[in-house]
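Text of upload-v2.pdb, listed as PDB, C-alpha atoms, pLDDT in the B column:
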```pdb
ATOM      1  CA  MET A   1      17.665  15.162 -23.055  1.00 72.00           C
ATOM      2  CA  SER A   2      14.437  16.966 -22.261  1.00 77.00           C
ATOM      3  CA  GLN A   3      13.700  17.182 -18.571  1.00 88.00           C
ATOM      4  CA  GLY A   4      10.359  17.947 -16.996  1.00 92.00           C
ATOM      5  CA  ILE A   5       9.203  18.926 -13.534  1.00 96.00           C
ATOM      6  CA  HIS A   6       6.748  16.616 -11.806  1.00 96.00           C
ATOM      7  CA  PHE A   7       5.112  17.879  -8.660  1.00 97.00           C
ATOM      8  CA  ALA A   8       4.440  15.732  -5.631  1.00 98.00           C
ATOM      9  CA  ARG A   9       3.493  16.201  -1.996  1.00 97.00           C
ATOM     10  CA  LEU A  10       5.296  15.249   1.155  1.00 96.00           C
ATOM     11  CA  LYS A  11       3.360  13.061   3.539  1.00 95.00           C
ATOM     12  CA  TYR A  12       6.026  12.942   6.222  1.00 94.00           C
ATOM     13  CA  PHE A  13       5.207  15.898   8.465  1.00 94.00           C
ATOM     14  CA  CYS A  14       1.786  16.843   9.754  1.00 94.00           C
ATOM     15  CA  GLU A  15       0.365  20.310   9.207  1.00 93.00           C
ATOM     16  CA  GLU A  16       0.744  21.148  12.893  1.00 94.00           C
ATOM     17  CA  PHE A  17       4.461  20.680  12.477  1.00 94.00           C
ATOM     18  CA  THR A  18       4.905  22.607   9.212  1.00 95.00           C
ATOM     19  CA  LYS A  19       2.613  25.457  10.283  1.00 94.00           C
ATOM     20  CA  GLU A  20       5.041  26.690  12.908  1.00 94.00           C
ATOM     21  CA  ARG A  21       8.142  26.435  10.753  1.00 96.00           C
ATOM     22  CA  LYS A  22       9.537  28.168   7.716  1.00 97.00           C
ATOM     23  CA  HIS A  23      10.042  26.470   4.338  1.00 97.00           C
ATOM     24  CA  ASP A  24      13.795  26.379   4.858  1.00 97.00           C
ATOM     25  CA  GLU A  25      13.475  24.796   8.273  1.00 97.00           C
ATOM     26  CA  ILE A  26      11.304  22.021   6.861  1.00 97.00           C
ATOM     27  CA  LEU A  27      13.860  21.405   4.119  1.00 97.00           C
ATOM     28  CA  GLN A  28      16.769  21.226   6.577  1.00 97.00           C
ATOM     29  CA  GLU A  29      14.823  18.915   8.884  1.00 96.00           C
ATOM     30  CA  LEU A  30      13.998  16.649   5.954  1.00 96.00           C
ATOM     31  CA  LYS A  31      17.552  16.540   4.694  1.00 96.00           C
ATOM     32  CA  LYS A  32      18.748  15.653   8.170  1.00 96.00           C
ATOM     33  CA  ILE A  33      16.304  12.768   8.402  1.00 95.00           C
ATOM     34  CA  LEU A  34      17.065  11.401   4.925  1.00 96.00           C
ATOM     35  CA  LYS A  35      20.825  11.840   5.111  1.00 95.00           C
ATOM     36  CA  GLU A  36      21.640   8.317   6.291  1.00 92.00           C
ATOM     37  CA  GLU A  37      19.162   6.575   4.018  1.00 93.00           C
ATOM     38  CA  LYS A  38      20.711   3.946   1.777  1.00 92.00           C
ATOM     39  CA  LYS A  39      17.721   3.053  -0.369  1.00 93.00           C
ATOM     40  CA  ILE A  40      16.552   6.572  -0.969  1.00 93.00           C
ATOM     41  CA  ASP A  41      14.127   5.809  -3.832  1.00 91.00           C
ATOM     42  CA  GLU A  42      12.248   3.269  -1.726  1.00 92.00           C
ATOM     43  CA  THR A  43      12.129   5.591   1.271  1.00 95.00           C
ATOM     44  CA  LEU A  44      10.869   8.532  -0.730  1.00 94.00           C
ATOM     45  CA  GLU A  45       8.210   6.408  -2.357  1.00 92.00           C
ATOM     46  CA  LYS A  46       6.747   5.903   1.114  1.00 94.00           C
ATOM     47  CA  ILE A  47       6.691   9.557   2.108  1.00 95.00           C
ATOM     48  CA  ILE A  48       5.919  11.257  -1.203  1.00 96.00           C
ATOM     49  CA  GLU A  49       2.724  11.116  -3.218  1.00 96.00           C
ATOM     50  CA  ASP A  50       2.348  12.308  -6.818  1.00 94.00           C
ATOM     51  CA  ILE A  51       0.007  15.197  -7.444  1.00 96.00           C
ATOM     52  CA  GLU A  52      -2.371  14.464 -10.269  1.00 93.00           C
ATOM     53  CA  ILE A  53      -1.975  17.192 -12.851  1.00 93.00           C
ATOM     54  CA  GLN A  54      -4.495  17.963 -15.598  1.00 92.00           C
ATOM     55  CA  TYR A  55      -2.673  20.328 -17.902  1.00 92.00           C
ATOM     56  CA  LEU A  56       0.569  21.783 -16.591  1.00 94.00           C
ATOM     57  CA  THR A  57       3.894  20.602 -18.007  1.00 91.00           C
ATOM     58  CA  LEU A  58       6.983  22.509 -16.965  1.00 93.00           C
ATOM     59  CA  SER A  59      10.429  22.145 -18.452  1.00 91.00           C
ATOM     60  CA  ALA A  60      13.377  21.951 -16.081  1.00 91.00           C
ATOM     61  CA  TYR A  61      15.521  23.749 -18.636  1.00 85.00           C
ATOM     62  CA  THR A  62      14.417  27.302 -17.999  1.00 89.00           C
ATOM     63  CA  PRO A  63      17.637  29.111 -16.984  1.00 90.00           C
ATOM     64  CA  GLU A  64      16.038  30.487 -13.802  1.00 93.00           C
ATOM     65  CA  ILE A  65      14.895  27.036 -12.680  1.00 94.00           C
ATOM     66  CA  GLU A  66      18.079  25.319 -13.780  1.00 93.00           C
ATOM     67  CA  LYS A  67      20.042  27.384 -11.261  1.00 93.00           C
ATOM     68  CA  PHE A  68      18.276  25.507  -8.499  1.00 95.00           C
ATOM     69  CA  LEU A  69      18.973  22.083  -9.963  1.00 93.00           C
ATOM     70  CA  ILE A  70      22.759  22.225 -10.258  1.00 91.00           C
ATOM     71  CA  THR A  71      24.974  19.529  -8.743  1.00 89.00           C
ATOM     72  CA  GLY A  72      25.086  19.941  -4.992  1.00 91.00           C
ATOM     73  CA  SER A  73      21.777  21.804  -5.076  1.00 95.00           C
ATOM     74  CA  GLU A  74      20.679  23.152  -1.694  1.00 96.00           C
ATOM     75  CA  ILE A  75      17.068  22.120  -2.235  1.00 97.00           C
ATOM     76  CA  LYS A  76      17.728  18.515  -3.243  1.00 97.00           C
ATOM     77  CA  LEU A  77      16.317  16.109  -0.670  1.00 97.00           C
ATOM     78  CA  HIS A  78      19.193  13.623  -0.980  1.00 96.00           C
ATOM     79  CA  PRO A  79      22.288  13.483  -3.225  1.00 93.00           C
ATOM     80  CA  GLN A  80      21.108  10.231  -4.869  1.00 91.00           C
ATOM     81  CA  SER A  81      17.551  11.366  -5.438  1.00 92.00           C
ATOM     82  CA  ARG A  82      15.876  13.407  -8.145  1.00 92.00           C
ATOM     83  CA  TYR A  83      13.504  15.105  -5.712  1.00 96.00           C
ATOM     84  CA  TYR A  84      13.698  18.791  -4.763  1.00 98.00           C
ATOM     85  CA  PHE A  85      11.886  20.860  -2.168  1.00 98.00           C
ATOM     86  CA  VAL A  86      10.064  24.029  -3.218  1.00 98.00           C
ATOM     87  CA  THR A  87      11.391  26.898  -1.122  1.00 98.00           C
ATOM     88  CA  GLU A  88      10.259  30.522  -0.824  1.00 98.00           C
ATOM     89  CA  LYS A  89      12.988  31.516  -3.284  1.00 97.00           C
ATOM     90  CA  LEU A  90      11.969  29.021  -5.942  1.00 97.00           C
ATOM     91  CA  TRP A  91       8.200  29.404  -5.695  1.00 98.00           C
ATOM     92  CA  PRO A  92       7.848  32.819  -7.433  1.00 98.00           C
ATOM     93  CA  ILE A  93       9.968  31.497 -10.307  1.00 97.00           C
ATOM     94  CA  LEU A  94       7.728  28.465 -10.680  1.00 97.00           C
ATOM     95  CA  GLU A  95       4.673  30.722 -10.510  1.00 98.00           C
ATOM     96  CA  GLU A  96       6.050  32.829 -13.334  1.00 97.00           C
ATOM     97  CA  GLU A  97       6.636  29.738 -15.482  1.00 95.00           C
ATOM     98  CA  ILE A  98       3.142  28.472 -14.743  1.00 96.00           C
ATOM     99  CA  PHE A  99       1.741  31.836 -15.778  1.00 96.00           C
ATOM    100  CA  LYS A 100       3.797  31.806 -18.983  1.00 94.00           C
ATOM    101  CA  SER A 101       2.368  28.404 -19.871  1.00 92.00           C
ATOM    102  CA  SER A 102      -1.118  29.934 -19.800  1.00 94.00           C
ATOM    103  CA  GLN A 103      -0.415  32.201 -22.778  1.00 93.00           C
ATOM    104  CA  GLY A 104      -2.543  31.434 -25.801  1.00 91.00           C
ATOM    105  CA  ILE A 105      -4.188  28.280 -24.466  1.00 92.00           C
ATOM    106  CA  LYS A 106      -7.787  27.195 -25.025  1.00 93.00           C
ATOM    107  CA  GLN A 107     -10.501  27.915 -22.463  1.00 96.00           C
ATOM    108  CA  ASP A 108     -10.913  24.352 -21.175  1.00 93.00           C
ATOM    109  CA  GLU A 109      -7.138  24.004 -20.893  1.00 92.00           C
ATOM    110  CA  PHE A 110      -6.993  27.262 -18.988  1.00 96.00           C
ATOM    111  CA  PHE A 111      -9.463  26.006 -16.383  1.00 97.00           C
ATOM    112  CA  ASP A 112      -7.473  22.783 -16.044  1.00 95.00           C
ATOM    113  CA  LEU A 113      -4.356  24.860 -15.502  1.00 97.00           C
ATOM    114  CA  VAL A 114      -6.111  26.907 -12.816  1.00 97.00           C
ATOM    115  CA  LYS A 115      -7.067  23.678 -11.046  1.00 97.00           C
ATOM    116  CA  ASP A 116      -3.438  22.516 -11.240  1.00 97.00           C
ATOM    117  CA  TYR A 117      -2.160  25.800  -9.872  1.00 98.00           C
ATOM    118  CA  THR A 118      -4.614  25.787  -6.977  1.00 98.00           C
ATOM    119  CA  GLU A 119      -3.634  22.252  -6.048  1.00 98.00           C
ATOM    120  CA  ILE A 120       0.090  22.936  -6.197  1.00 98.00           C
ATOM    121  CA  GLU A 121      -0.184  26.254  -4.378  1.00 98.00           C
ATOM    122  CA  GLY A 122      -2.115  24.546  -1.596  1.00 98.00           C
ATOM    123  CA  PHE A 123       0.749  22.158  -0.916  1.00 98.00           C
ATOM    124  CA  TYR A 124       3.298  24.945  -1.238  1.00 98.00           C
ATOM    125  CA  SER A 125       1.515  26.965   1.467  1.00 97.00           C
ATOM    126  CA  LYS A 126       1.520  23.912   3.706  1.00 97.00           C
ATOM    127  CA  LYS A 127       5.281  23.594   3.002  1.00 97.00           C
ATOM    128  CA  MET A 128       4.788  20.127   1.566  1.00 97.00           C
ATOM    129  CA  LEU A 129       5.518  20.732  -2.090  1.00 98.00           C
ATOM    130  CA  VAL A 130       8.356  18.821  -3.756  1.00 98.00           C
ATOM    131  CA  PHE A 131       9.084  17.875  -7.345  1.00 98.00           C
ATOM    132  CA  GLU A 132      11.011  15.350  -9.341  1.00 96.00           C
ATOM    133  CA  ALA A 133      13.137  16.571 -12.243  1.00 94.00           C
ATOM    134  CA  SER A 134      13.691  13.994 -14.981  1.00 93.00           C
TER     135      SER A 134
ATOM    136  CA  MET B   1      16.273  25.652 -24.049  1.00 39.00           C
ATOM    137  CA  GLU B   2      16.344  21.904 -24.707  1.00 55.00           C
ATOM    138  CA  PRO B   3      13.676  20.658 -27.096  1.00 60.00           C
ATOM    139  CA  ARG B   4      10.967  18.690 -25.339  1.00 73.00           C
ATOM    140  CA  TYR B   5      10.145  16.693 -28.445  1.00 90.00           C
ATOM    141  CA  PHE B   6      10.584  16.585 -32.212  1.00 94.00           C
ATOM    142  CA  GLU B   7       7.742  16.854 -34.674  1.00 94.00           C
ATOM    143  CA  ASP B   8       7.577  15.649 -38.229  1.00 93.00           C
ATOM    144  CA  GLY B   9       4.200  15.924 -39.916  1.00 93.00           C
ATOM    145  CA  ASN B  10       1.731  14.091 -37.674  1.00 96.00           C
ATOM    146  CA  PHE B  11       4.466  12.299 -35.814  1.00 96.00           C
ATOM    147  CA  ILE B  12       5.988  13.193 -32.463  1.00 97.00           C
ATOM    148  CA  TYR B  13       9.354  11.868 -31.273  1.00 97.00           C
ATOM    149  CA  GLU B  14      10.536  12.230 -27.700  1.00 96.00           C
ATOM    150  CA  CYS B  15      13.847  11.195 -26.139  1.00 95.00           C
ATOM    151  CA  LYS B  16      14.203  10.416 -22.443  1.00 95.00           C
ATOM    152  CA  SER B  17      16.927   8.932 -20.285  1.00 94.00           C
ATOM    153  CA  SER B  18      17.985   7.966 -16.794  1.00 93.00           C
ATOM    154  CA  PRO B  19      21.675   8.904 -17.092  1.00 90.00           C
ATOM    155  CA  ASP B  20      22.590   7.396 -13.724  1.00 89.00           C
ATOM    156  CA  GLN B  21      21.361   4.013 -14.971  1.00 91.00           C
ATOM    157  CA  ALA B  22      22.963   4.024 -18.436  1.00 92.00           C
ATOM    158  CA  ASP B  23      22.753   0.617 -20.204  1.00 95.00           C
ATOM    159  CA  GLY B  24      20.291  -0.434 -17.524  1.00 96.00           C
ATOM    160  CA  PRO B  25      16.538   0.156 -17.184  1.00 97.00           C
ATOM    161  CA  VAL B  26      15.060   3.631 -16.939  1.00 96.00           C
ATOM    162  CA  ASN B  27      14.075   4.680 -13.438  1.00 94.00           C
ATOM    163  CA  GLN B  28      10.565   3.320 -12.944  1.00 93.00           C
ATOM    164  CA  GLY B  29       9.433   6.320 -10.880  1.00 92.00           C
ATOM    165  CA  SER B  30      10.624   8.761 -13.528  1.00 94.00           C
ATOM    166  CA  LEU B  31       8.985   6.694 -16.264  1.00 96.00           C
ATOM    167  CA  LYS B  32       5.646   6.921 -14.437  1.00 94.00           C
ATOM    168  CA  ASN B  33       5.975  10.706 -14.388  1.00 94.00           C
ATOM    169  CA  TRP B  34       7.062  10.885 -18.028  1.00 95.00           C
ATOM    170  CA  ILE B  35       4.116   8.787 -19.103  1.00 96.00           C
ATOM    171  CA  GLY B  36       1.834  11.270 -17.343  1.00 93.00           C
ATOM    172  CA  ASP B  37       3.411  14.019 -19.465  1.00 92.00           C
ATOM    173  CA  VAL B  38       3.086  11.933 -22.622  1.00 95.00           C
ATOM    174  CA  LYS B  39      -0.625  11.400 -22.011  1.00 93.00           C
ATOM    175  CA  LYS B  40      -1.148  15.141 -21.695  1.00 91.00           C
ATOM    176  CA  LEU B  41       0.909  15.800 -24.825  1.00 92.00           C
ATOM    177  CA  LEU B  42      -0.943  13.217 -26.908  1.00 94.00           C
ATOM    178  CA  LYS B  43      -4.349  14.439 -25.751  1.00 90.00           C
ATOM    179  CA  ARG B  44      -3.412  17.974 -26.666  1.00 88.00           C
ATOM    180  CA  LYS B  45      -1.640  17.356 -29.969  1.00 91.00           C
ATOM    181  CA  GLN B  46      -3.491  14.247 -31.207  1.00 93.00           C
ATOM    182  CA  PRO B  47      -0.672  13.050 -33.480  1.00 97.00           C
ATOM    183  CA  THR B  48      -0.964   9.969 -35.710  1.00 97.00           C
ATOM    184  CA  GLY B  49       2.161   8.437 -34.298  1.00 97.00           C
ATOM    185  CA  PHE B  50       4.345   8.733 -31.232  1.00 97.00           C
ATOM    186  CA  ARG B  51       7.890   7.412 -31.054  1.00 97.00           C
ATOM    187  CA  TYR B  52       9.329   7.128 -27.561  1.00 97.00           C
ATOM    188  CA  ILE B  53      13.117   6.895 -27.562  1.00 97.00           C
ATOM    189  CA  PHE B  54      15.371   5.848 -24.681  1.00 96.00           C
ATOM    190  CA  PRO B  55      18.776   6.062 -26.364  1.00 96.00           C
ATOM    191  CA  ILE B  56      21.048   5.150 -23.442  1.00 96.00           C
ATOM    192  CA  ASN B  57      18.858   2.814 -21.382  1.00 97.00           C
ATOM    193  CA  ARG B  58      17.707  -0.762 -21.846  1.00 97.00           C
ATOM    194  CA  LEU B  59      14.038  -1.202 -21.026  1.00 98.00           C
ATOM    195  CA  ASP B  60      13.268  -4.006 -18.588  1.00 97.00           C
ATOM    196  CA  SER B  61      10.014  -5.888 -18.208  1.00 98.00           C
ATOM    197  CA  ASP B  62       8.686  -3.438 -15.571  1.00 97.00           C
ATOM    198  CA  ASN B  63       9.430  -0.500 -17.878  1.00 98.00           C
ATOM    199  CA  LYS B  64       7.707  -2.274 -20.775  1.00 98.00           C
ATOM    200  CA  LYS B  65       4.660  -3.054 -18.647  1.00 98.00           C
ATOM    201  CA  LEU B  66       4.196   0.663 -17.963  1.00 97.00           C
ATOM    202  CA  LEU B  67       4.584   1.513 -21.647  1.00 98.00           C
ATOM    203  CA  GLU B  68       2.056  -1.139 -22.668  1.00 97.00           C
ATOM    204  CA  LYS B  69      -0.322   0.222 -20.050  1.00 97.00           C
ATOM    205  CA  LEU B  70       0.008   3.660 -21.644  1.00 97.00           C
ATOM    206  CA  LYS B  71      -1.306   2.208 -24.919  1.00 95.00           C
ATOM    207  CA  GLU B  72      -4.187   0.567 -23.067  1.00 95.00           C
ATOM    208  CA  ASP B  73      -5.039   3.747 -21.158  1.00 95.00           C
ATOM    209  CA  LEU B  74      -5.210   5.785 -24.351  1.00 95.00           C
ATOM    210  CA  ASN B  75      -7.588   3.242 -25.885  1.00 92.00           C
ATOM    211  CA  ASN B  76      -9.757   3.429 -22.784  1.00 93.00           C
ATOM    212  CA  GLU B  77     -10.065   7.202 -22.900  1.00 89.00           C
ATOM    213  CA  PHE B  78     -13.406   8.560 -23.965  1.00 85.00           C
ATOM    214  CA  PRO B  79     -13.232   9.214 -26.860  1.00 88.00           C
ATOM    215  CA  PRO B  80     -10.258   6.869 -27.392  1.00 92.00           C
ATOM    216  CA  ILE B  81      -6.997   8.489 -28.451  1.00 92.00           C
ATOM    217  CA  ASN B  82      -5.862   6.685 -31.583  1.00 94.00           C
ATOM    218  CA  VAL B  83      -2.148   7.022 -31.800  1.00 96.00           C
ATOM    219  CA  ASP B  84       0.385   4.527 -33.034  1.00 97.00           C
ATOM    220  CA  ILE B  85       3.020   4.162 -30.320  1.00 97.00           C
ATOM    221  CA  GLU B  86       6.422   2.539 -30.726  1.00 97.00           C
ATOM    222  CA  TYR B  87       9.299   2.643 -28.274  1.00 97.00           C
ATOM    223  CA  TYR B  88      13.001   2.180 -28.775  1.00 97.00           C
ATOM    224  CA  ASP B  89      15.760   1.529 -26.248  1.00 97.00           C
ATOM    225  CA  CYS B  90      19.530   1.432 -26.708  1.00 96.00           C
ATOM    226  CA  ASP B  91      19.258  -2.001 -28.344  1.00 95.00           C
ATOM    227  CA  SER B  92      16.620  -1.095 -30.898  1.00 96.00           C
ATOM    228  CA  VAL B  93      17.224   2.598 -31.565  1.00 96.00           C
ATOM    229  CA  ASP B  94      19.655   1.823 -34.426  1.00 96.00           C
ATOM    230  CA  LYS B  95      16.702   0.461 -36.363  1.00 95.00           C
ATOM    231  CA  LEU B  96      14.951   3.798 -35.983  1.00 95.00           C
ATOM    232  CA  ILE B  97      18.064   5.790 -36.898  1.00 96.00           C
ATOM    233  CA  ARG B  98      18.516   3.757 -40.085  1.00 96.00           C
ATOM    234  CA  ALA B  99      14.863   4.224 -41.038  1.00 94.00           C
ATOM    235  CA  LEU B 100      15.066   7.978 -40.481  1.00 94.00           C
ATOM    236  CA  GLU B 101      18.357   8.303 -42.354  1.00 95.00           C
ATOM    237  CA  LYS B 102      17.022   6.350 -45.327  1.00 95.00           C
ATOM    238  CA  VAL B 103      14.355   8.986 -46.015  1.00 93.00           C
ATOM    239  CA  ASN B 104      16.478  11.840 -44.659  1.00 92.00           C
ATOM    240  CA  SER B 105      13.815  12.582 -42.088  1.00 92.00           C
ATOM    241  CA  LEU B 106      14.523  14.648 -38.947  1.00 94.00           C
ATOM    242  CA  PRO B 107      18.340  14.846 -39.263  1.00 94.00           C
ATOM    243  CA  GLU B 108      18.351  16.963 -36.082  1.00 94.00           C
ATOM    244  CA  LEU B 109      16.733  14.111 -34.137  1.00 95.00           C
ATOM    245  CA  VAL B 110      19.233  11.605 -35.526  1.00 95.00           C
ATOM    246  CA  GLU B 111      22.069  13.915 -34.522  1.00 94.00           C
ATOM    247  CA  TYR B 112      20.522  14.382 -31.073  1.00 93.00           C
ATOM    248  CA  ILE B 113      20.282  10.628 -30.465  1.00 94.00           C
ATOM    249  CA  LYS B 114      23.830  10.025 -31.687  1.00 92.00           C
ATOM    250  CA  GLN B 115      25.156  12.714 -29.372  1.00 91.00           C
ATOM    251  CA  ALA B 116      23.235  11.303 -26.421  1.00 90.00           C
ATOM    252  CA  ARG B 117      24.761   7.882 -27.042  1.00 89.00           C
ATOM    253  CA  ASN B 118      28.297   9.178 -27.028  1.00 83.00           C
TER     254      ASN B 118
END
```
How would this structure read if it were set down as structure tokens?
Amino acid sequence: MSQGIHFARLKYFCEEFTKERKHDEILQELKKILKEEKKIDETLEKIIEDIEIQYLTLSAYTPEIEKFLITGSEIKLHPQSRYYFVTEKLWPILEEEIFKSSQGIKQDEFFDLVKDYTEIEGFYSKKMLVFEAS
Amino acid sequence: MEPRYFEDGNFIYECKSSPDQADGPVNQGSLKNWIGDVKKLLKRKQPTGFRYIFPINRLDSDNKKLLEKLKEDLNNEFPPINVDIEYYDCDSVDKLIRALEKVNSLPELVEYIKQARN
């Protein structure tokens, strides 16, 4: 079955908090908090907000990305959830895929893609970027 | 790499599933995201028809509401995107398989759906 990547932002921590910590620390903190959650979908719905994307569609089946999505994945927010946190290791791989998707596209699509990238990158820098794979 | 969708002439076919909810509804959150992708795909490709296939799930009324809203949203685009949309879940996909097999259309899609259902 085809699987796509859908970016979203975390609303749980404030920027003050994320600014002083590394991506990995945010991820571990988040996993610790969500660990005991029973209704994980409902909880995540409250703390995650979709990012509106104009052009970008990314497949989850690129071998490089797939490595991060295996069972027991380190970056998964909760075992029963489809959400993953974008770490410093994963980001350059996503960037490369985003760049690849810009090959041979029309001008207006290109500008939409640039807008998407800027938006996503902004949340990545703030250590608030997550995605759903489905 | 897995195919994202199948194309036959001016028709696009896409299969999606929530494997952890087999025989039940598709995950509503995932469906929202998929529909976002579908909108982008249809805007870009402008096909005549789009067939949305959920081979191992059974769509519930919430799922169907979202799918009907997709049709509405496309009509409300400016200019409207005229595409004939049909969706099939595990109860109705046999109808589609039979129709495709009759005209020997997209055997690879038929095979793909059959494999998914096993």
**Q.** Residue nearest Ser92 of chain B among B:Asn75, B:Ile53, B:Pro25, B:Gln115 (counting all atoms listed in the file)
**A.**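 The shortest atom-to-atom distance to Ser92 of chain B comes from B:Ile53.
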Q: Step by step, work through what the PyMOL selection byres ((chain A) within 7 of (chain B)) selects in the shown file, and finish by giving those residues as a list of chain:residue names.
A: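 Written out, the selection comes to A:Met1, A:Ser2, A:His6, A:Tyr55, A:Thr57, A:Tyr61, A:Thr62, A:Ser134.
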Q: Determine, counting only C-alpha atoms, which protein, DNA and RNA residues have an atom within 8 Å of an atom of Ile12 of chain B; residues of the same chain fewer than 2 positions away are not included. Present the result as a PyMOL selection string.
A: chain B and resi 5-8+10+14+47+49-51
Q.
To one decimal place in Å, what is the distance between atom CA of Phe123 of chain A and atom CA of Leu10 of chain A?
A.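 So the answer is 8.5 Å.
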Identify, on the basis of all atoms listed in the file, every residue whose closest approach to Ile56 of chain B does not exceed 6 Å; exclude the query and any residue fewer than 3 positions from it along the same chain; express the result as an mmCIF file with C-alpha atoms, keeping the file's coordinate frame.
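Output saved as around16.cif:
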```cif
data_model
loop_
_atom_site.group_PDB
_atom_site.id
_atom_site.type_symbol
_atom_site.label_atom_id
_atom_site.label_comp_id
_atom_site.auth_asym_id
_atom_site.auth_seq_id
_atom_site.Cartn_x
_atom_site.Cartn_y
_atom_site.Cartn_z
ATOM 1 C CA ALA B 22 22.963 4.024 -18.436
ATOM 2 C CA ASP B 23 22.753 0.617 -20.204
ATOM 3 C CA CYS B 90 19.530 1.432 -26.708
ATOM 4 C CA ARG B 117 24.761 7.882 -27.042
#
```
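Computed from the coordinates, the atom CA of Gln3 of chain A to atom CA of Leu58 of chain A distance equals 8.7 Å.
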Report the residues retrieved by the PyMOL selection byres ((chain B and resi 71) around 10) from the displayed file, expressed as a PDB file with C-alpha atoms, in the frame of the given file.
```pdb
ATOM      1  CA  LYS B  39      -0.625  11.400 -22.011  1.00 93.00           C
ATOM      2  CA  LEU B  66       4.196   0.663 -17.963  1.00 97.00           C
ATOM      3  CA  LEU B  67       4.584   1.513 -21.647  1.00 98.00           C
ATOM      4  CA  GLU B  68       2.056  -1.139 -22.668  1.00 97.00           C
ATOM      5  CA  LYS B  69      -0.322   0.222 -20.050  1.00 97.00           C
ATOM      6  CA  LEU B  70       0.008   3.660 -21.644  1.00 97.00           C
ATOM      7  CA  GLU B  72      -4.187   0.567 -23.067  1.00 95.00           C
ATOM      8  CA  ASP B  73      -5.039   3.747 -21.158  1.00 95.00           C
ATOM      9  CA  LEU B  74      -5.210   5.785 -24.351  1.00 95.00           C
ATOM     10  CA  ASN B  75      -7.588   3.242 -25.885  1.00 92.00           C
ATOM     11  CA  ASN B  76      -9.757   3.429 -22.784  1.00 93.00           C
ATOM     12  CA  ILE B  81      -6.997   8.489 -28.451  1.00 92.00           C
ATOM     13  CA  ASN B  82      -5.862   6.685 -31.583  1.00 94.00           C
ATOM     14  CA  VAL B  83      -2.148   7.022 -31.800  1.00 96.00           C
ATOM     15  CA  ASP B  84       0.385   4.527 -33.034  1.00 97.00           C
ATOM     16  CA  ILE B  85       3.020   4.162 -30.320  1.00 97.00           C
ATOM     17  CA  GLU B  86       6.422   2.539 -30.726  1.00 97.00           C
TER      18      GLU B  86
END
```
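Here atom CA of Leu77 of chain A is placed at a distance of 26.9 Å from atom CA of Leu113 of chain A.
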Write only C-alpha atoms for segment 72-100 of chain A from the block just shown, as a short mmCIF file (atom, residue, chain, number, x, y, z; two decimals), in the first residue's frame.
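Written output follows (selection-v2.cif):
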```
data_model
loop_
_atom_site.label_atom_id
_atom_site.label_comp_id
_atom_site.auth_asym_id
_atom_site.auth_seq_id
_atom_site.Cartn_x
_atom_site.Cartn_y
_atom_site.Cartn_z
CA GLY A 72 10.34 -0.20 17.24
CA SER A 73 11.51 3.01 15.58
CA GLU A 74 13.45 5.33 17.89
CA ILE A 75 11.70 8.43 16.57
CA LYS A 76 8.13 7.17 16.92
CA LEU A 77 6.23 9.20 19.51
CA HIS A 78 4.28 6.21 20.86
CA PRO A 79 4.14 2.52 19.85
CA GLN A 80 0.42 2.78 18.95
CA SER A 81 0.74 5.99 16.98
CA ARG A 82 1.72 6.77 13.41
CA TYR A 83 3.52 9.97 14.36
CA TYR A 84 7.30 10.42 14.20
CA PHE A 85 9.60 13.18 15.37
CA VAL A 86 12.04 14.77 12.92
CA THR A 87 15.53 14.50 14.38
CA GLU A 88 18.86 15.95 13.23
CA LYS A 89 19.67 12.62 11.58
CA LEU A 90 16.46 12.43 9.59
CA TRP A 91 16.22 16.07 8.52
CA PRO A 92 18.98 16.06 5.84
CA ILE A 93 17.38 12.97 4.30
CA LEU A 94 14.01 14.68 4.14
CA GLU A 95 15.66 17.77 2.67
CA GLU A 96 17.21 15.66 -0.06
CA GLU A 97 13.83 14.12 -0.91
CA ILE A 98 12.20 17.53 -0.97
CA PHE A 99 14.90 18.75 -3.33
CA LYS A 100 14.44 15.70 -5.57
#
```
